[in-house]
file model-v8.txt (compact mmCIF, C-alpha atoms)
# COMPACT_ATOMS: atom_id res chain seq x y z
CA MET A 1457 -22.75 -47.61 118.89
CA ASN A 1458 -19.36 -46.52 117.68
CA LYS A 1459 -18.00 -50.00 118.17
CA THR A 1460 -20.67 -51.56 115.97
CA MET A 1461 -20.10 -48.89 113.31
CA GLY A 1462 -16.49 -49.86 113.22
CA LYS A 1463 -17.39 -53.42 112.34
CA LEU A 1464 -19.44 -52.49 109.26
CA ILE A 1465 -18.01 -53.86 106.06
CA HIS A 1466 -18.17 -51.42 103.17
CA LEU A 1467 -19.05 -53.19 99.96
CA LEU A 1468 -18.93 -50.10 97.78
CA PRO A 1469 -15.53 -48.84 96.71
CA GLN A 1470 -14.16 -46.18 99.00
CA LYS A 1471 -12.62 -42.89 98.05
CA THR A 1472 -9.15 -44.21 98.57
CA ASN A 1473 -9.92 -47.06 96.18
CA ASP A 1474 -11.06 -44.54 93.56
CA ILE A 1475 -7.75 -42.81 93.69
CA GLU A 1476 -5.95 -46.11 93.25
CA TYR A 1477 -8.17 -46.93 90.31
CA THR A 1478 -7.45 -43.71 88.48
CA GLY A 1479 -3.81 -44.14 89.36
CA ILE A 1480 -3.67 -47.12 87.01
CA ASN A 1481 -2.31 -45.84 83.74
CA PHE A 1482 -5.27 -46.38 81.44
CA VAL A 1483 -3.73 -44.70 78.41
CA PRO A 1484 -1.54 -47.50 77.12
CA GLU A 1485 2.12 -47.23 76.31
CA GLY A 1486 3.19 -47.53 72.69
CA THR A 1487 5.67 -50.23 73.52
CA ASP A 1488 2.85 -52.61 74.46
CA TYR A 1489 2.20 -53.30 70.77
CA ILE A 1490 4.30 -54.53 67.87
CA GLN A 1491 6.23 -51.56 66.46
CA ASP A 1492 8.33 -53.20 63.77
CA HIS A 1493 6.87 -53.04 60.23
CA THR A 1494 7.80 -56.55 59.04
CA GLU A 1495 7.08 -58.21 62.36
CA PHE A 1496 3.57 -56.77 62.40
CA GLU A 1497 3.00 -57.62 58.72
CA ASN A 1498 3.88 -61.26 59.44
CA ARG A 1499 1.61 -61.35 62.47
CA ARG A 1500 -1.19 -59.76 60.42
CA LYS A 1501 -0.82 -62.30 57.60
CA GLN A 1502 -0.92 -65.17 60.07
CA LEU A 1503 -4.03 -63.81 61.81
CA ILE A 1504 -5.84 -63.19 58.51
CA SER A 1505 -5.08 -66.65 57.09
CA GLU A 1506 -6.33 -68.27 60.32
CA TYR A 1507 -9.40 -66.06 60.20
CA GLU A 1508 -10.21 -66.80 56.53
CA ILE A 1509 -10.10 -70.56 57.19
CA GLN A 1510 -12.51 -70.15 60.08
CA LEU A 1511 -14.81 -67.91 58.03
CA LYS A 1512 -15.02 -70.52 55.27
CA GLN A 1513 -15.74 -73.21 57.83
CA TYR A 1514 -18.41 -71.09 59.50
CA ILE A 1515 -20.18 -70.29 56.22
CA ASN A 1516 -20.12 -73.97 55.20
CA ASP A 1517 -21.49 -75.01 58.60
CA SER A 1518 -24.25 -72.41 58.57
CA MET A 1519 -25.23 -73.51 55.04
CA GLN A 1520 -25.54 -77.07 56.28
CA MET A 1521 -27.67 -75.97 59.22
CA ILE A 1522 -30.17 -74.27 56.92
CA MET B 962 -22.54 -53.17 45.62
CA LYS B 963 -23.93 -50.72 43.07
CA LYS B 964 -25.78 -47.73 44.44
CA PRO B 965 -29.40 -47.09 43.38
CA VAL B 966 -30.06 -44.43 40.77
CA LYS B 967 -30.33 -40.83 41.87
CA THR B 968 -34.12 -40.66 41.28
CA VAL B 969 -34.72 -43.45 43.80
CA MET B 970 -32.61 -41.61 46.37
CA PHE B 971 -34.63 -38.47 45.65
CA PHE B 972 -37.97 -40.28 46.15
CA LYS B 973 -36.64 -41.82 49.34
CA LYS B 974 -35.61 -38.42 50.68
CA VAL B 975 -38.98 -36.86 49.79
CA SER B 976 -40.93 -39.71 51.42
CA ARG B 977 -38.79 -39.31 54.56
CA ASN B 978 -39.34 -35.56 54.75
CA TYR B 979 -43.07 -35.38 53.95
CA LYS B 980 -44.97 -38.00 55.88
CA LYS B 981 -48.31 -37.95 54.06
CA PHE B 982 -46.76 -37.81 50.62
CA GLY B 983 -44.28 -40.46 51.71
CA ARG B 984 -47.08 -42.80 52.67
CA LEU B 985 -48.61 -42.31 49.22
CA ILE B 986 -45.28 -43.05 47.53
CA ASN B 987 -44.92 -46.18 49.65
CA ARG B 988 -48.40 -47.41 48.71
CA PHE B 989 -47.69 -46.72 45.07
CA TYR B 990 -44.38 -48.58 45.37
CA ASN B 991 -46.09 -51.59 46.96
CA ILE B 992 -48.71 -51.73 44.20
CA LEU B 993 -46.17 -51.51 41.39
CA LYS B 994 -43.96 -54.08 43.11
CA SER B 995 -46.53 -56.86 42.94
CA PRO B 996 -46.53 -59.00 39.76
CA PHE B 997 -50.35 -59.24 39.81
CA ALA B 998 -50.75 -55.48 39.65
CA ARG B 999 -48.19 -55.32 36.87
CA THR B 1000 -50.01 -57.95 34.79
CA LEU B 1001 -53.32 -56.17 35.38
CA ILE B 1002 -51.91 -52.81 34.31
CA ASN B 1003 -50.36 -54.32 31.18
CA PHE B 1004 -53.68 -55.96 30.34
CA LEU B 1005 -55.56 -52.67 30.90
CA PHE B 1006 -53.13 -50.77 28.71
CA THR B 1007 -53.61 -53.31 25.91
CA VAL B 1008 -57.41 -53.13 26.16
CA VAL B 1009 -57.44 -49.31 26.28
CA PHE B 1010 -55.06 -49.16 23.37
CA ALA B 1011 -57.16 -51.55 21.34
CA PHE B 1012 -60.30 -49.46 21.97
CA GLU B 1013 -58.52 -46.26 21.10
CA MET B 1014 -57.28 -47.72 17.83
CA GLN B 1015 -60.82 -48.83 17.04
CA LEU B 1016 -62.25 -45.39 17.77
CA SER B 1017 -59.72 -43.47 15.67
CA ASP B 1018 -60.13 -42.84 12.01
CA PHE B 1019 -57.17 -43.81 9.81
CA HIS B 1020 -58.85 -43.60 6.38
CA THR B 1021 -60.26 -40.07 5.83
CA PHE B 1022 -56.99 -38.14 6.12
CA LYS B 1023 -53.46 -38.90 5.15
CA LEU B 1024 -50.44 -39.01 7.48
CA ASN B 1025 -49.06 -35.67 6.32
CA GLN B 1026 -52.33 -33.82 6.94
CA LEU B 1027 -52.83 -32.01 10.29
CA GLU B 1028 -56.43 -33.24 10.58
CA PHE B 1029 -55.12 -36.82 10.76
CA TYR B 1030 -53.79 -36.12 14.27
CA GLN B 1031 -56.81 -34.25 15.64
CA ASP B 1032 -58.68 -37.31 16.98
CA LYS B 1033 -55.52 -39.15 18.08
CA VAL B 1034 -54.33 -37.03 21.03
CA HIS B 1035 -55.68 -39.65 23.49
CA ILE B 1036 -53.39 -42.26 21.88
CA LEU B 1037 -50.41 -40.00 22.56
CA VAL B 1038 -51.50 -39.55 26.19
CA THR B 1039 -51.79 -43.35 26.63
CA PHE B 1040 -48.38 -43.74 25.03
CA VAL B 1041 -46.84 -41.27 27.51
CA PHE B 1042 -48.49 -43.21 30.36
CA ILE B 1043 -47.01 -46.47 29.09
CA VAL B 1044 -43.51 -44.93 28.91
CA VAL B 1045 -43.80 -43.45 32.42
CA TYR B 1046 -45.15 -46.74 33.80
CA ASN B 1047 -42.28 -48.73 32.30
CA TRP B 1048 -39.73 -46.24 33.60
CA LEU B 1049 -41.19 -46.55 37.12
CA VAL B 1050 -41.12 -50.35 36.88
CA LEU B 1051 -37.45 -50.25 35.86
CA LEU B 1052 -36.67 -47.91 38.78
CA ILE B 1053 -38.44 -50.17 41.25
CA ASP B 1054 -36.66 -53.25 39.89
CA SER B 1055 -33.27 -51.59 40.25
CA TYR B 1056 -34.11 -50.52 43.79
CA GLN B 1057 -35.21 -54.03 44.70
CA LYS B 1058 -31.98 -55.39 43.28
CA TYR B 1059 -30.11 -52.89 45.49
CA GLN B 1060 -32.10 -54.02 48.53
CA VAL B 1061 -31.33 -57.68 47.86
CA GLN B 1062 -27.64 -56.81 47.52
CA SER B 1063 -27.60 -54.77 50.72
CA THR B 1064 -29.27 -57.62 52.64
CA LYS B 1065 -26.57 -59.94 51.29
CA CYS B 1066 -23.93 -57.45 52.36
CA ILE B 1067 -25.35 -57.20 55.90
CA ARG B 1068 -25.52 -61.00 56.15
CA GLU B 1069 -21.87 -61.17 55.11
CA ILE B 1070 -20.94 -58.58 57.75
CA VAL B 1071 -22.87 -60.51 60.41
CA ASN B 1072 -21.04 -63.73 59.42
CA ARG B 1073 -17.67 -62.02 59.56
CA GLU B 1074 -18.46 -60.35 62.87
CA THR B 1075 -19.51 -63.71 64.31
CA VAL B 1076 -16.22 -65.28 63.23
CA ILE B 1077 -14.24 -62.41 64.82
CA ASN B 1078 -16.17 -62.96 68.05
CA GLN B 1079 -15.54 -66.71 67.83
CA THR B 1080 -11.82 -66.04 67.33
CA ILE B 1081 -11.78 -63.80 70.40
CA GLY B 1082 -13.72 -66.39 72.40
CA ARG B 1083 -11.36 -69.18 71.45
CA LYS B 1084 -8.28 -67.14 72.30
CA LEU B 1085 -9.78 -66.14 75.66
CA TYR B 1086 -10.41 -69.82 76.37
CA ASP B 1087 -6.79 -70.63 75.43
CA ILE B 1088 -5.55 -67.93 77.83
CA THR B 1089 -7.79 -69.20 80.64
CA SER B 1090 -6.71 -72.81 80.17
CA SER B 1091 -3.01 -71.95 79.97
CA ILE B 1092 -3.28 -69.94 83.19
CA SER B 1093 -5.12 -72.64 85.08
CA VAL B 1094 -2.83 -75.55 84.16
CA LYS B 1095 -0.75 -75.12 87.30
CA SER B 1096 -2.73 -73.90 90.25
CA SER B 1097 0.34 -72.74 92.17
CA SER B 1098 2.08 -70.75 89.40
CA ILE B 1099 1.40 -67.04 89.01
CA PRO B 1100 0.54 -65.93 85.43
CA THR B 1101 2.90 -63.53 83.64
CA LYS B 1102 2.57 -61.02 80.81
CA SER B 1103 3.36 -63.64 78.16
CA ASP B 1104 0.29 -65.66 79.16
CA PHE B 1105 -1.93 -62.81 77.94
CA SER B 1106 0.01 -61.99 74.77
CA ASN B 1107 -2.08 -64.37 72.65
CA LEU B 1108 -4.76 -61.72 72.20
CA SER B 1109 -4.22 -57.98 71.93
CA TYR B 1110 -6.14 -54.94 70.78
CA GLN B 1111 -3.72 -54.66 67.86
CA ASP B 1112 -4.64 -58.17 66.65
CA ILE B 1113 -8.36 -57.47 66.74
CA ALA B 1114 -7.74 -54.15 64.97
CA ALA B 1115 -5.89 -56.05 62.22
CA LEU B 1116 -8.89 -58.34 61.70
CA VAL B 1117 -11.36 -55.44 61.73
CA CYS B 1118 -9.29 -53.41 59.23
CA HIS B 1119 -8.96 -56.46 56.98
CA ASN B 1120 -12.72 -57.07 57.02
CA ILE B 1121 -13.65 -53.49 56.23
CA TYR B 1122 -11.02 -53.40 53.48
CA ASP B 1123 -12.54 -56.57 52.00
CA ALA B 1124 -16.11 -55.25 52.20
CA ILE B 1125 -15.13 -52.11 50.26
CA LYS B 1126 -13.16 -54.22 47.77
CA ILE B 1127 -16.22 -56.37 47.06
CA SER B 1128 -18.49 -53.36 46.62
CA THR B 1129 -16.19 -51.19 44.48
CA ASP B 1130 -14.17 -53.89 42.66
CA LYS B 1131 -11.03 -51.84 43.35
CA GLU B 1132 -8.03 -52.37 45.60
CA THR B 1133 -6.58 -48.91 45.94
CA HIS B 1134 -8.17 -48.05 49.29
CA GLN B 1135 -6.74 -48.52 52.76
CA VAL B 1136 -8.30 -49.01 56.19
CA SER B 1137 -6.24 -48.21 59.27
CA LEU B 1138 -6.51 -47.63 63.01
CA MET B 1139 -4.90 -44.79 64.95
CA GLN B 1140 -4.51 -45.27 68.70
CA LYS B 1141 -3.85 -42.84 71.55
CA PHE B 1142 -0.79 -43.43 73.77
CA LYS B 1143 1.16 -41.72 76.49
CA GLU B 1144 4.91 -41.48 76.59
CA LYS B 1145 6.24 -43.03 79.78
CA ARG B 1146 9.02 -40.55 80.45
CA SER B 1147 7.63 -37.23 79.25
CA GLY B 1148 3.93 -37.97 79.84
CA LEU B 1149 3.15 -36.50 76.40
CA GLU B 1150 0.12 -37.91 74.62
CA TYR B 1151 0.46 -38.98 70.99
CA ILE B 1152 -1.34 -41.02 68.35
CA LYS B 1153 0.08 -43.59 65.97
CA MET B 1154 -1.16 -46.14 63.46
CA ILE B 1155 -1.17 -49.56 65.11
CA SER B 1156 -2.95 -51.56 62.42
CA TYR B 1157 -4.10 -51.47 58.80
CA GLY B 1158 -5.71 -53.37 55.94
CA ASN B 1159 -4.55 -52.86 52.36
CA ALA B 1160 -3.86 -54.64 49.08
CA ASN B 1161 -0.10 -54.47 48.69
CA GLN B 1162 0.76 -56.22 51.97
CA ILE B 1163 3.34 -53.59 52.76
CA SER B 1164 2.99 -51.56 55.92
CA PRO B 1165 2.24 -47.89 55.23
CA SER B 1166 5.02 -45.38 55.86
CA VAL B 1167 3.00 -43.72 58.64
CA PHE B 1168 2.72 -47.00 60.56
CA ASP B 1169 4.10 -46.39 64.07
CA ARG B 1170 4.89 -42.73 63.30
CA HIS B 1171 4.10 -40.54 66.32
CA PHE B 1172 1.73 -37.57 65.99
CA TYR B 1173 1.80 -35.56 69.22
CA LEU B 1174 -1.57 -34.22 70.41
CA GLY B 1175 -0.03 -31.03 71.74
CA ARG B 1176 2.45 -30.24 68.97
CA ASP B 1177 1.06 -31.58 65.66
CA GLN B 1178 -2.31 -29.85 65.68
CA SER B 1179 -2.25 -29.09 61.96
CA TYR B 1180 -3.07 -32.76 61.22
CA PHE B 1181 -6.75 -33.62 60.86
CA GLN B 1182 -6.47 -36.80 62.96
CA VAL B 1183 -4.82 -34.94 65.84
CA ARG B 1184 -7.62 -32.37 65.82
CA ILE B 1185 -10.24 -35.14 65.97
CA PHE B 1186 -8.54 -36.58 69.06
CA ASN B 1187 -8.23 -33.14 70.64
CA ASN B 1188 -11.90 -32.23 70.06
CA ASN B 1189 -12.93 -35.56 71.57
CA GLN B 1190 -16.40 -35.76 70.03
CA ASN B 1191 -18.09 -39.00 69.07
CA ASN B 1192 -18.93 -38.18 65.43
CA ILE B 1193 -18.22 -39.74 62.07
CA PHE B 1194 -15.92 -37.42 60.08
CA ILE B 1195 -16.33 -37.48 56.30
CA LEU B 1196 -14.28 -35.65 53.68
CA THR B 1197 -15.97 -36.23 50.32
CA ASN B 1198 -13.33 -34.96 47.89
CA ALA B 1199 -9.63 -34.38 47.36
CA ALA B 1200 -9.88 -30.61 47.85
CA GLU B 1201 -11.39 -31.03 51.33
CA ILE B 1202 -8.71 -33.57 52.22
CA LYS B 1203 -5.99 -31.16 51.19
CA LYS B 1204 -7.66 -28.31 53.07
CA GLU B 1205 -8.07 -30.29 56.29
CA CYS B 1206 -4.50 -31.58 56.02
CA VAL B 1207 -4.92 -35.33 56.49
CA TYR B 1208 -1.45 -36.83 57.22
CA GLY B 1209 0.11 -33.48 56.31
CA LYS B 1210 0.14 -31.56 53.05
CA ASN B 1211 2.48 -33.71 50.99
CA SER B 1212 1.32 -37.28 51.53
CA ASN B 1213 -2.38 -37.07 50.66
CA GLU B 1214 -2.26 -36.21 46.97
CA LYS B 1215 -3.82 -39.49 45.84
CA MET B 1216 -6.57 -39.64 48.43
CA THR B 1217 -10.07 -38.86 47.10
CA GLN B 1218 -12.29 -39.61 50.07
CA TYR B 1219 -11.59 -39.90 53.78
CA ILE B 1220 -13.85 -41.26 56.51
CA ALA B 1221 -12.90 -41.38 60.19
CA ILE B 1222 -14.95 -43.24 62.81
CA PRO B 1223 -13.90 -42.84 66.45
CA VAL B 1224 -13.86 -45.69 68.95
CA PHE B 1225 -15.31 -43.92 71.95
CA CYS B 1226 -15.20 -45.02 75.59
CA GLU B 1227 -17.50 -43.35 78.11
CA ASN B 1228 -14.85 -42.62 80.72
CA GLN B 1229 -12.00 -41.78 78.37
CA GLY B 1230 -13.38 -40.23 75.18
CA ILE B 1231 -11.80 -41.14 71.84
CA ILE B 1232 -9.29 -43.93 72.32
CA SER B 1233 -8.88 -44.98 68.69
CA LEU B 1234 -9.81 -43.76 65.24
CA LEU B 1235 -10.76 -46.04 62.38
CA GLN B 1236 -9.80 -44.46 59.06
CA ILE B 1237 -11.06 -45.36 55.60
CA GLU B 1238 -8.95 -43.81 52.84
CA MET B 1239 -10.19 -44.01 49.25
CA ALA B 1240 -7.79 -43.32 46.38
CA ASP B 1241 -7.64 -43.13 42.58
CA ASP B 1242 -11.08 -41.60 42.06
CA VAL B 1243 -12.89 -44.54 43.65
CA GLN B 1244 -15.86 -43.38 45.70
CA ILE B 1245 -18.07 -45.14 48.22
CA GLY B 1246 -20.78 -42.50 47.93
CA ARG B 1247 -21.58 -39.26 46.16
CA THR B 1248 -23.02 -37.37 49.12
CA MET B 1249 -22.47 -37.32 52.88
CA ASP B 1250 -25.74 -39.27 53.37
CA GLU B 1251 -24.73 -41.99 50.94
CA ILE B 1252 -21.33 -42.40 52.60
CA ARG B 1253 -22.92 -42.45 56.05
CA ASP B 1254 -25.36 -45.15 54.89
CA PHE B 1255 -22.49 -47.17 53.49
CA VAL B 1256 -20.45 -46.87 56.68
CA LYS B 1257 -23.31 -47.70 59.11
CA PRO B 1258 -22.90 -51.51 59.05
CA PHE B 1259 -19.24 -51.08 60.03
CA MET B 1260 -20.36 -49.78 63.42
CA ALA B 1261 -20.63 -53.43 64.51
CA TYR B 1262 -16.85 -53.65 64.19
CA ILE B 1263 -16.43 -50.43 66.18
CA HIS B 1264 -18.35 -52.04 69.06
CA ILE B 1265 -16.07 -55.08 68.89
CA LEU B 1266 -13.09 -52.73 69.18
CA THR B 1267 -14.61 -50.87 72.14
CA VAL B 1268 -15.25 -54.06 74.11
CA ASN B 1269 -11.82 -55.35 73.23
CA TYR B 1270 -10.15 -52.17 74.41
CA TYR B 1271 -11.74 -52.62 77.86
CA GLN B 1272 -10.66 -56.26 77.83
CA ASP B 1273 -7.11 -55.26 76.96
CA GLU B 1274 -7.12 -52.82 79.88
CA LEU B 1275 -8.39 -55.56 82.18
CA PHE B 1276 -5.55 -57.82 81.05
CA LYS B 1277 -3.01 -55.10 81.74
CA VAL B 1278 -4.36 -54.47 85.24
CA ILE B 1279 -4.41 -58.19 85.97
CA VAL B 1280 -0.83 -58.57 84.72
CA LYS B 1281 0.27 -55.70 86.99
CA LYS B 1282 -1.50 -57.23 89.98
CA PHE B 1283 0.01 -60.65 89.30
CA ASP B 1284 3.40 -59.01 89.02
CA ILE B 1285 2.95 -57.39 92.43
CA LEU B 1286 1.78 -60.72 93.86
CA LYS B 1287 4.78 -62.54 92.43
CA LYS B 1288 7.24 -59.99 93.80
CA SER B 1289 5.66 -60.01 97.24
CA LYS B 1290 5.67 -63.81 97.25
CA GLU B 1291 9.34 -63.85 96.29
CA ARG B 1292 10.07 -61.32 99.00
CA LYS B 1293 8.13 -63.43 101.49
CA VAL B 1294 10.07 -66.54 100.51
CA PHE B 1295 13.26 -64.56 100.77
CA SER B 1296 12.45 -63.09 104.19
CA GLU B 1297 11.26 -66.47 105.47
CA GLY B 1298 14.47 -68.01 104.22
CA MET B 1299 16.43 -65.24 105.86
CA ARG B 1300 14.61 -65.75 109.13
CA LYS B 1301 15.34 -69.48 109.04
CA TYR B 1302 18.92 -68.78 108.13
CA GLU B 1303 19.25 -66.24 110.90
CA GLN B 1304 17.77 -68.70 113.40
CA ASN B 1305 20.12 -71.44 112.25
CA TYR B 1306 22.93 -68.97 112.18
CA GLY B 1307 22.25 -68.10 115.78
CA GLU B 1308 22.02 -71.75 116.71
CA THR B 1309 25.12 -72.79 114.86
CA ASN B 1310 26.82 -69.76 116.19
CA THR B 1311 25.99 -70.76 119.67
CA SER B 1312 27.12 -74.31 119.05
CA ILE B 1313 30.38 -73.12 117.62
CA ALA B 1314 30.93 -70.47 120.21
CA PRO B 1315 32.65 -71.63 123.32
CA LYS B 1316 30.37 -72.17 126.27
CA ASP B 1317 30.75 -70.11 129.28

call {"tool": "encode", "arguments": {"input": "model-v8.txt", "output": "structure tokens"}}
result
Amino acid sequence: MNKTMGKLIHLLPQKTNDIEYTGINFVPEGTDYIQDHTEFENRRKQLISEYEIQLKQYINDSMQMI
Amino acid sequence: MKKPVKTVMFFKKVSRNYKKFGRLINRFYNILKSPFARTLINFLFTVVFAFEMQLSDFHTFKLNQLEFYQDKVHILVTFVFIVVYNWLVLLIDSYQKYQVQSTKCIREIVNRETVINQTIGRKLYDITSSISVKSSSIPTKSDFSNLSYQDIAALVCHNIYDAIKISTDKETHQVSLMQKFKEKRSGLEYIKMISYGNANQISPSVFDRHFYLGRDQSYFQVRIFNNNQNNIFILTNAAEIKKECVYGKNSNEKMTQYIAIPVFCENQGIISLLQIEMADDVQIGRTMDEIRDFVKPFMAYIHILTVNYYQDELFKVIVKKFDILKKSKERKVFSEGMRKYEQNYGETNTSIAPKD
């Protein structure tokens, strides 16, 4: 009986796994993001201009669909 | 978007609070809304007025005599009815105009939200394809840098800033996002602004400034993070803002309204705080209810942020795991190489060494 028990495969996470999971630092570190003012401003401008082009395209496309 | 007149808001509140009376108001609203009913009422008023004029006597007495007015009270009553009816019609028209505008606004938000989601989708696809180009290579941190929580926050802040700009026709407001972090060495938790949306395209002075959760408790934002409750926080006027000490006592002189919406994760509590700061006497609502109504559609963006935060965490974990895998692989290659070298070394050694 004990031998067969030993061969069971546990699909659910075990307690040890839980500890490992919480051990991952879920609160991020500030250095993960852009900290420099001008660098972030440039990145922001680039993202917004890309986004505005796509928004225009999307609105035009959805108008055509209707 | 212009807000409806106060009377409409009052009727709306009454109909919400008293169910039976509310139903009556609704029925009345539906009748007065229809053009057929309006035409009929106008026609009835004309007929009644015509009859009344016929019945009254305009010849016996003169205008300056009191008796002249004795048989004309009913005309006055009809006149009052006409005025009240027209006032109600104007109210209903203005409310309908408001409803049309708010539908337009919601459609715009849905469009913008869709495009944000498309952007995220496309970037995720780019990441996946760049990772899977070489099956043998192990992905690194730079492979995932194409999409971060900070980027999505920039888009969200920009969109909310734009929505307020369209509705108020002013550009003095600012939308920003505060995020919770932990210092690696000291383990101290702090918040800082990671993203913003404003008119002057200059990053605010508080961008990247650290507010420590333990030390800087006089700041309103820090207290929100410490209390950890998933509520919308609204400060409706400058006096409240000064009292609650938003960004400290000196820097908030211009601010007239402040709204903070937390991004809340089930297992972690508040992880970020979306802030809307109104300045120069521009308001997005007169009361708490009005502001809350205005802010409600922005919750769609908050959900985008929540999902993206989890995704960012997933990326970080994956990057860590890949890093471990890479190191262990390198070690394996190194130890295998060493083993081979040692074997060869032994062999060569034996070949060099004189035989017994």

call {"tool": "closest_atom_pairs", "arguments": {"input": "model-v8.txt", "of": "chain B", "to": "chain A", "cutoff": "7 Å", "atoms": "all atoms listed in the file", "output": "JSON lines"}}
result
{"residue": "B:Arg1073", "atom": "CA", "partner": "A:Leu1511", "partner_atom": "CA", "distance": 6.7}
{"residue": "B:Val1076", "atom": "CA", "partner": "A:Leu1511", "partner_atom": "CA", "distance": 6.0}
{"residue": "B:Gln1111", "atom": "CA", "partner": "A:Tyr1489", "partner_atom": "CA", "distance": 6.7}
{"residue": "B:Ala1115", "atom": "CA", "partner": "A:Arg1500", "partner_atom": "CA", "distance": 6.3}
{"residue": "B:Leu1116", "atom": "CA", "partner": "A:Ile1504", "partner_atom": "CA", "distance": 6.6}
{"residue": "B:Phe1142", "atom": "CA", "partner": "A:Pro1484", "partner_atom": "CA", "distance": 5.3}
{"residue": "B:Lys1143", "atom": "CA", "partner": "A:Glu1485", "partner_atom": "CA", "distance": 5.6}
{"residue": "B:Glu1144", "atom": "CA", "partner": "A:Glu1485", "partner_atom": "CA", "distance": 6.4}
{"residue": "B:Lys1145", "atom": "CA", "partner": "A:Glu1485", "partner_atom": "CA", "distance": 6.8}
{"residue": "B:Ser1164", "atom": "CA", "partner": "A:His1493", "partner_atom": "CA", "distance": 6.0}
{"residue": "B:Asp1169", "atom": "CA", "partner": "A:Gln1491", "partner_atom": "CA", "distance": 6.1}
{"residue": "B:Glu1274", "atom": "CA", "partner": "A:Phe1482", "partner_atom": "CA", "distance": 6.9}

call {"tool": "closest_residue", "arguments": {"input": "model-v8.txt", "among": "B:Phe1012, B:Gln1182, B:Asn1161, B:Cys1206", "to": "Ser1233 in chain B", "atoms": "all atoms listed in the file"}}
result
B:Gln1182

call {"tool": "closest_residue", "arguments": {"input": "model-v8.txt", "among": "B:Asn1107, B:Ser1096, B:Ser1166, B:Gln1190", "to": "Asp1273 in chain B", "atoms": "all atoms listed in the file"}}
result
B:Asn1107

call {"tool": "atom_distance", "arguments": {"input": "model-v8.txt", "atom1": "CA of Ile1036 in chain B", "atom2": "CA of Phe1006 in chain B"}}
result
10.9 Å

call {"tool": "atom_distance", "arguments": {"input": "model-v8.txt", "atom1": "CA of Phe1040 in chain B", "atom2": "CA of Phe971 in chain B"}}
result
25.3 Å

call {"tool": "atom_distance", "arguments": {"input": "model-v8.txt", "atom1": "CA of Ile1237 in chain B", "atom2": "CA of Lys1084 in chain B"}}
result
27.6 Å

call {"tool": "residues_around", "arguments": {"input": "model-v8.txt", "residues": "Ser1091 in chain B", "least_positions_apart": "4", "cutoff": "12 Å", "atoms": "all atoms listed in the file", "output": "PDB file with C-alpha atoms, in the frame of the given file"}}
result
ATOM      1  CA  LYS B1084      -8.280 -67.140  72.300  1.00  0.00           C
ATOM      2  CA  LEU B1085      -9.780 -66.140  75.660  1.00  0.00           C
ATOM      3  CA  TYR B1086     -10.410 -69.820  76.370  1.00  0.00           C
ATOM      4  CA  ASP B1087      -6.790 -70.630  75.430  1.00  0.00           C
ATOM      5  CA  LYS B1095      -0.750 -75.120  87.300  1.00  0.00           C
ATOM      6  CA  SER B1096      -2.730 -73.900  90.250  1.00  0.00           C
ATOM      7  CA  SER B1098       2.080 -70.750  89.400  1.00  0.00           C
ATOM      8  CA  ILE B1099       1.400 -67.040  89.010  1.00  0.00           C
ATOM      9  CA  PRO B1100       0.540 -65.930  85.430  1.00  0.00           C
ATOM     10  CA  THR B1101       2.900 -63.530  83.640  1.00  0.00           C
ATOM     11  CA  SER B1103       3.360 -63.640  78.160  1.00  0.00           C
ATOM     12  CA  ASP B1104       0.290 -65.660  79.160  1.00  0.00           C
ATOM     13  CA  PHE B1105      -1.930 -62.810  77.940  1.00  0.00           C
ATOM     14  CA  SER B1106       0.010 -61.990  74.770  1.00  0.00           C
ATOM     15  CA  ASN B1107      -2.080 -64.370  72.650  1.00  0.00           C
TER      16      ASN B1107
END

call {"tool": "residues_around", "arguments": {"input": "model-v8.txt", "residues": "Ser995 in chain B", "least_positions_apart": "5", "cutoff": "12 Å", "atoms": "only C-alpha atoms", "output": "JSON, numbers by chain"}}
result
{"B": [988, 989, 990, 1000, 1001, 1002, 1050, 1053, 1054, 1057]}

call {"tool": "closest_residue", "arguments": {"input": "model-v8.txt", "among": "B:Lys981, B:Lys1141, B:His1134, B:Lys1065", "to": "Ile1220 in chain B", "atoms": "only C-alpha atoms"}}
result
B:His1134

call {"tool": "residues_around", "arguments": {"input": "model-v8.txt", "residues": "range 1170-1180 of chain B", "least_positions_apart": "6", "cutoff": "6 Å", "atoms": "only C-alpha atoms", "output": "VMD selection string"}}
result
chain B and resid 1150 to 1153 1206 to 1209

call {"tool": "write_last_selection", "arguments": {"input": "model-v8.txt", "atoms": "C-alpha atoms", "output": "PDB file, keeping the file's coordinate frame"}}
result
ATOM      1  CA  GLU B1150       0.120 -37.910  74.620  1.00  0.00           C
ATOM      2  CA  TYR B1151       0.460 -38.980  70.990  1.00  0.00           C
ATOM      3  CA  ILE B1152      -1.340 -41.020  68.350  1.00  0.00           C
ATOM      4  CA  LYS B1153       0.080 -43.590  65.970  1.00  0.00           C
ATOM      5  CA  CYS B1206      -4.500 -31.580  56.020  1.00  0.00           C
ATOM      6  CA  VAL B1207      -4.920 -35.330  56.490  1.00  0.00           C
ATOM      7  CA  TYR B1208      -1.450 -36.830  57.220  1.00  0.00           C
ATOM      8  CA  GLY B1209       0.110 -33.480  56.310  1.00  0.00           C
TER       9      GLY B1209
END

call {"tool": "decode", "arguments": {"input": "model-v8.txt", "residues": "range 1116-1123 of chain B", "atoms": "C-alpha atoms", "output": "short mmCIF file (atom, residue, chain, number, x, y, z; two decimals), in the first residue's frame"}}
result
data_model
loop_
_atom_site.label_atom_id
_atom_site.label_comp_id
_atom_site.auth_asym_id
_atom_site.auth_seq_id
_atom_site.Cartn_x
_atom_site.Cartn_y
_atom_site.Cartn_z
CA LEU B 1116 -1.50 55.19 -23.00
CA VAL B 1117 -4.22 55.01 -20.33
CA CYS B 1118 -3.21 58.39 -18.83
CA HIS B 1119 -3.13 59.95 -22.30
CA ASN B 1120 -6.62 58.65 -23.11
CA ILE B 1121 -8.19 59.84 -19.87
CA TYR B 1122 -6.47 63.21 -20.28
CA ASP B 1123 -7.92 63.48 -23.79
#
